[in-house]
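In what follows, a single structure is set out as structure tokens and then discussed.
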Amino acid sequence: MGIDENVRPGGVLVQPGEPFGGLPVPLGVEPVSIRTMVGELTALYAPAVTRGPNPARSRGTVLLVPGFTGSKEDFLPLLPLLAARGWDTWAYSQRGQADSASPRNPLNYRLGEFATDLLEVADVIGDGSPVHIVGHSFGGLVARAAALRSPKLFADLTFLCSGPKCWSEEIREMSFVVRESGSLGLWEASNPDLVEIGAPPLTSRESFHRYRASQTSPDNLLGIIDILVTAPDTTEQLLNTGVRTLVAHGADDDAWPQQWQEIMARALGARYEVIEDAGHLPSEDNPGLTAAIFDSFWGAFPPATPGRAPLATHHAFQARPTQQSAFSY
């Protein structure tokens, strides 16, 4: 299934897009853009592989949400693997990330605005049916906030290397670097070995991370830093929504305390998985095992019943102008 005017999910709200940053796009994955109230959010779409001697229908729709300093490209190795297992799989760059719409002012990057974007995207691609949503690191905070507002839109929620509450105040030091040197300055400060005199040439992925940092909105980074140090623990409220949850992280995840993640899983009564041979970005470090864990979780329950969830953020869309890392927290 390609991005065709008559068959693509979301109709005119989803349009063909362009690859970003020079990384190769796997066969079966298509760059697209999704029209939202903030502007065009860029995305990658991997239609479910349903061809073969016994063609099957898609098993459901999946939405992958990236973290701090990240983008949709963090999921490039994972997208075709999930599609091969029968899932219509989408990943998008959040506002201010990479080539997505980038409104000015850090006040446009509060948790509520990020959650609104997620709900709009999920509503478009799910076409009224609940969506399997995965939030990576900061993306988990966004997904949690969205689930608290519109739980009926969630078939379930997966926290990938994401914890229950804010980090320490130490991360605030990053905001001083961003204000002084911008988004690229933060990348350079975090990768001194790659920019020092005499350092070897950057690999293709390092070059991509550097370019992505240069295109990421400083206001996005400042807004997210503020969220990361002030976000409350809403685990109990999420439990009360009844949304099924999975908590998974890499065995070597060093960005969000693993103990926090395990405690959160217990509090939610969630399935808890440790992904071997992976750090903070299992979708790149061990995409095969990550895909298998997700597939097992999503496939353990009958498909969600279609039916448009009532959204406070659902609008009659009109034409809107397009607006224009190495951490991936």
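Quick note on naming: the chains in the structure tokens go A, B, ... in the order shown, residues restart at 1 in each chain, and ligands are numbered from 1 in order of appearance.
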May I have a table of the residues of segment 64-173 of chain A lying at most 7 Å from segment 269-285 of chain A, giving each one's closest pair of atoms and their distance in Å to one decimal, counting only C-alpha atoms, ordered by chain and ascending residue number, as a Markdown table?
```
| residue | atom | partner | partner_atom | distance |
| --- | --- | --- | --- | --- |
| A:Asp74 | CA | A:Glu284 | CA | 6.9 |
| A:Phe75 | CA | A:Ser283 | CA | 5.7 |
| A:Pro77 | CA | A:Glu284 | CA | 6.1 |
| A:Leu78 | CA | A:Ser283 | CA | 5.5 |
| A:Cys161 | CA | A:His280 | CA | 6.1 |
```
Since we have the selection now, will you write its residues out, keeping all heavy atoms, as a PDB file, in the first residue's frame?
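Written output follows (out.pdb):
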```pdb
ATOM      1  N   ASP A  74      14.958   8.076  14.149  1.00  0.00           N
ATOM      2  CA  ASP A  74      15.427   7.152  15.177  1.00  0.00           C
ATOM      3  C   ASP A  74      14.807   5.770  15.024  1.00  0.00           C
ATOM      4  O   ASP A  74      15.329   4.794  15.565  1.00  0.00           O
ATOM      5  CB  ASP A  74      15.089   7.691  16.573  1.00  0.00           C
ATOM      6  CG  ASP A  74      15.903   8.914  16.940  1.00  0.00           C
ATOM      7  OD1 ASP A  74      17.020   9.077  16.396  1.00  0.00           O
ATOM      8  OD2 ASP A  74      15.432   9.713  17.779  1.00  0.00           O
ATOM      9  N   PHE A  75      13.687   5.683  14.300  1.00  0.00           N
ATOM     10  CA  PHE A  75      12.966   4.423  14.167  1.00  0.00           C
ATOM     11  C   PHE A  75      13.151   3.775  12.788  1.00  0.00           C
ATOM     12  O   PHE A  75      12.476   2.785  12.488  1.00  0.00           O
ATOM     13  CB  PHE A  75      11.469   4.658  14.420  1.00  0.00           C
ATOM     14  CG  PHE A  75      11.172   5.248  15.770  1.00  0.00           C
ATOM     15  CD1 PHE A  75      10.753   6.568  15.891  1.00  0.00           C
ATOM     16  CD2 PHE A  75      11.318   4.501  16.928  1.00  0.00           C
ATOM     17  CE1 PHE A  75      10.474   7.123  17.135  1.00  0.00           C
ATOM     18  CE2 PHE A  75      11.044   5.045  18.175  1.00  0.00           C
ATOM     19  CZ  PHE A  75      10.617   6.366  18.276  1.00  0.00           C
ATOM     20  N   PRO A  77      15.332   1.694  11.420  1.00  0.00           N
ATOM     21  CA  PRO A  77      15.545   0.242  11.348  1.00  0.00           C
ATOM     22  C   PRO A  77      14.341  -0.566  11.815  1.00  0.00           C
ATOM     23  O   PRO A  77      14.182  -1.723  11.433  1.00  0.00           O
ATOM     24  CB  PRO A  77      16.746   0.016  12.286  1.00  0.00           C
ATOM     25  CG  PRO A  77      17.374   1.354  12.461  1.00  0.00           C
ATOM     26  CD  PRO A  77      16.245   2.334  12.387  1.00  0.00           C
ATOM     27  N   LEU A  78      13.498   0.027  12.673  1.00  0.00           N
ATOM     28  CA  LEU A  78      12.381  -0.695  13.284  1.00  0.00           C
ATOM     29  C   LEU A  78      11.148  -0.729  12.390  1.00  0.00           C
ATOM     30  O   LEU A  78      10.388  -1.701  12.397  1.00  0.00           O
ATOM     31  CB  LEU A  78      12.042  -0.031  14.619  1.00  0.00           C
ATOM     32  CG  LEU A  78      11.003  -0.702  15.519  1.00  0.00           C
ATOM     33  CD1 LEU A  78      11.457  -2.096  15.939  1.00  0.00           C
ATOM     34  CD2 LEU A  78      10.755   0.166  16.760  1.00  0.00           C
ATOM     35  N   CYS A 161      12.298   3.094  27.218  1.00  0.00           N
ATOM     36  CA  CYS A 161      13.368   3.866  27.862  1.00  0.00           C
ATOM     37  C   CYS A 161      12.821   5.191  28.383  1.00  0.00           C
ATOM     38  O   CYS A 161      13.398   6.258  28.167  1.00  0.00           O
ATOM     39  CB  CYS A 161      14.524   4.102  26.885  1.00  0.00           C
ATOM     40  SG  CYS A 161      15.271   2.589  26.246  1.00  0.00           S
TER      41      CYS A 161
END
```
Residue set, segment 128-316 of chain A restricted to strand (DSSP E or B), as JSON, numbers by chain: {"A": [131, 132, 133, 134, 135, 136, 154, 155, 156, 157, 158, 159, 160, 245, 246, 247, 248, 249, 250, 271, 272, 273, 274, 275]}
Could I get the residues of segment 37-109 of chain A with an atom no further than 10 Å from an atom of segment 204-226 of chain A, each paired with its nearest atom pair and that distance in Å to one decimal, using only C-alpha atoms, sorted by chain and residue number, as JSON lines?
```
{"residue": "A:Gly67", "atom": "CA", "partner": "A:Ile224", "partner_atom": "CA", "distance": 9.4}
{"residue": "A:Phe68", "atom": "CA", "partner": "A:Ile224", "partner_atom": "CA", "distance": 6.9}
{"residue": "A:Thr69", "atom": "CA", "partner": "A:Ala213", "partner_atom": "CA", "distance": 7.1}
{"residue": "A:Gly70", "atom": "CA", "partner": "A:Arg212", "partner_atom": "CA", "distance": 8.3}
{"residue": "A:Ser71", "atom": "CA", "partner": "A:Arg212", "partner_atom": "CA", "distance": 8.3}
{"residue": "A:Glu73", "atom": "CA", "partner": "A:Phe208", "partner_atom": "CA", "distance": 9.6}
{"residue": "A:Gln94", "atom": "CA", "partner": "A:Asn220", "partner_atom": "CA", "distance": 9.2}
{"residue": "A:Arg95", "atom": "CA", "partner": "A:Asn220", "partner_atom": "CA", "distance": 7.4}
{"residue": "A:Gly96", "atom": "CA", "partner": "A:Ser217", "partner_atom": "CA", "distance": 5.0}
{"residue": "A:Gln97", "atom": "CA", "partner": "A:Thr216", "partner_atom": "CA", "distance": 4.9}
{"residue": "A:Ala98", "atom": "CA", "partner": "A:Thr216", "partner_atom": "CA", "distance": 5.0}
{"residue": "A:Asp99", "atom": "CA", "partner": "A:Gln215", "partner_atom": "CA", "distance": 6.9}
{"residue": "A:Ser100", "atom": "CA", "partner": "A:Thr216", "partner_atom": "CA", "distance": 8.9}
{"residue": "A:Ala101", "atom": "CA", "partner": "A:Ser217", "partner_atom": "CA", "distance": 9.4}
{"residue": "A:Ser102", "atom": "CA", "partner": "A:Ser217", "partner_atom": "CA", "distance": 6.4}
{"residue": "A:Pro103", "atom": "CA", "partner": "A:Asp219", "partner_atom": "CA", "distance": 8.3}
{"residue": "A:Arg104", "atom": "CA", "partner": "A:Asp219", "partner_atom": "CA", "distance": 6.6}
{"residue": "A:Asn105", "atom": "CA", "partner": "A:Asp219", "partner_atom": "CA", "distance": 5.7}
{"residue": "A:Pro106", "atom": "CA", "partner": "A:Asp219", "partner_atom": "CA", "distance": 4.5}
{"residue": "A:Leu107", "atom": "CA", "partner": "A:Gly223", "partner_atom": "CA", "distance": 6.9}
{"residue": "A:Asn108", "atom": "CA", "partner": "A:Gly223", "partner_atom": "CA", "distance": 7.8}
{"residue": "A:Tyr109", "atom": "CA", "partner": "A:Gly223", "partner_atom": "CA", "distance": 4.9}
```
DSSP-assigned alpha helix (DSSP H) among segment 268-297 of chain A, expressed as an MDAnalysis selection string: chainID A and resid 268 282:285 287:297
Neighbour list for Ala265 of chain A as an MDAnalysis selection string, cut-off 10 Å, only C-alpha atoms, skip fewer than 3 positions in-chain: chainID A and resid 159 163:164 235 245:248 259:262 268:273
Pick from A:Glu173, A:Asp295, A:Asp253, A:Asp156 nearest to Leu238 of chain A, counting only C-alpha atoms: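 When distances to Leu238 of chain A are compared using only C-alpha atoms, the smallest one comes from A:Asp156.
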Exercise: Val134 of chain A partners within 7 Å, only C-alpha atoms, chain neighbours under 4 positions left out, as a list of chain:residue names: A:Leu63, A:Leu64, A:Val65, A:Leu157, A:Thr158, A:Phe159, A:Leu160
Would you put the residues from that selection into a file with C-alpha atoms, as an mmCIF file, in the first residue's frame?
```cif
data_model
loop_
_atom_site.group_PDB
_atom_site.id
_atom_site.type_symbol
_atom_site.label_atom_id
_atom_site.label_comp_id
_atom_site.auth_asym_id
_atom_site.auth_seq_id
_atom_site.Cartn_x
_atom_site.Cartn_y
_atom_site.Cartn_z
ATOM 1 C CA LEU A 63 2.585 5.240 16.162
ATOM 2 C CA LEU A 64 6.187 5.786 17.320
ATOM 3 C CA VAL A 65 6.989 9.033 19.173
ATOM 4 C CA LEU A 157 0.819 2.463 25.508
ATOM 5 C CA THR A 158 4.460 1.385 25.444
ATOM 6 C CA PHE A 159 7.107 3.282 27.393
ATOM 7 C CA LEU A 160 10.455 2.731 25.685
#
```
Fewer than 5 positions away in the same chain doesn't count, so skip those; otherwise give me all residues within 6 Å of Ala48 of chain A, counting only C-alpha atoms, as a compact mmCIF listing (two decimals) with C-alpha atoms, in the first residue's frame.
```txt
# COMPACT_ATOMS: atom_id res chain seq x y z
CA SER A 58 -3.39 -5.12 8.69
CA ALA A 83 5.42 -3.68 8.91
CA GLY A 86 1.54 -6.99 9.74
CA TRP A 87 1.41 -3.60 11.50
CA ASP A 88 0.74 -0.30 9.74
```
Nearest to Thr116 of chain A, chosen from A:Ala147, A:Lys152, A:Leu194, A:Pro24, with only C-alpha atoms counted in the distances: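 The closest residue to Thr116 of chain A is A:Ala147.
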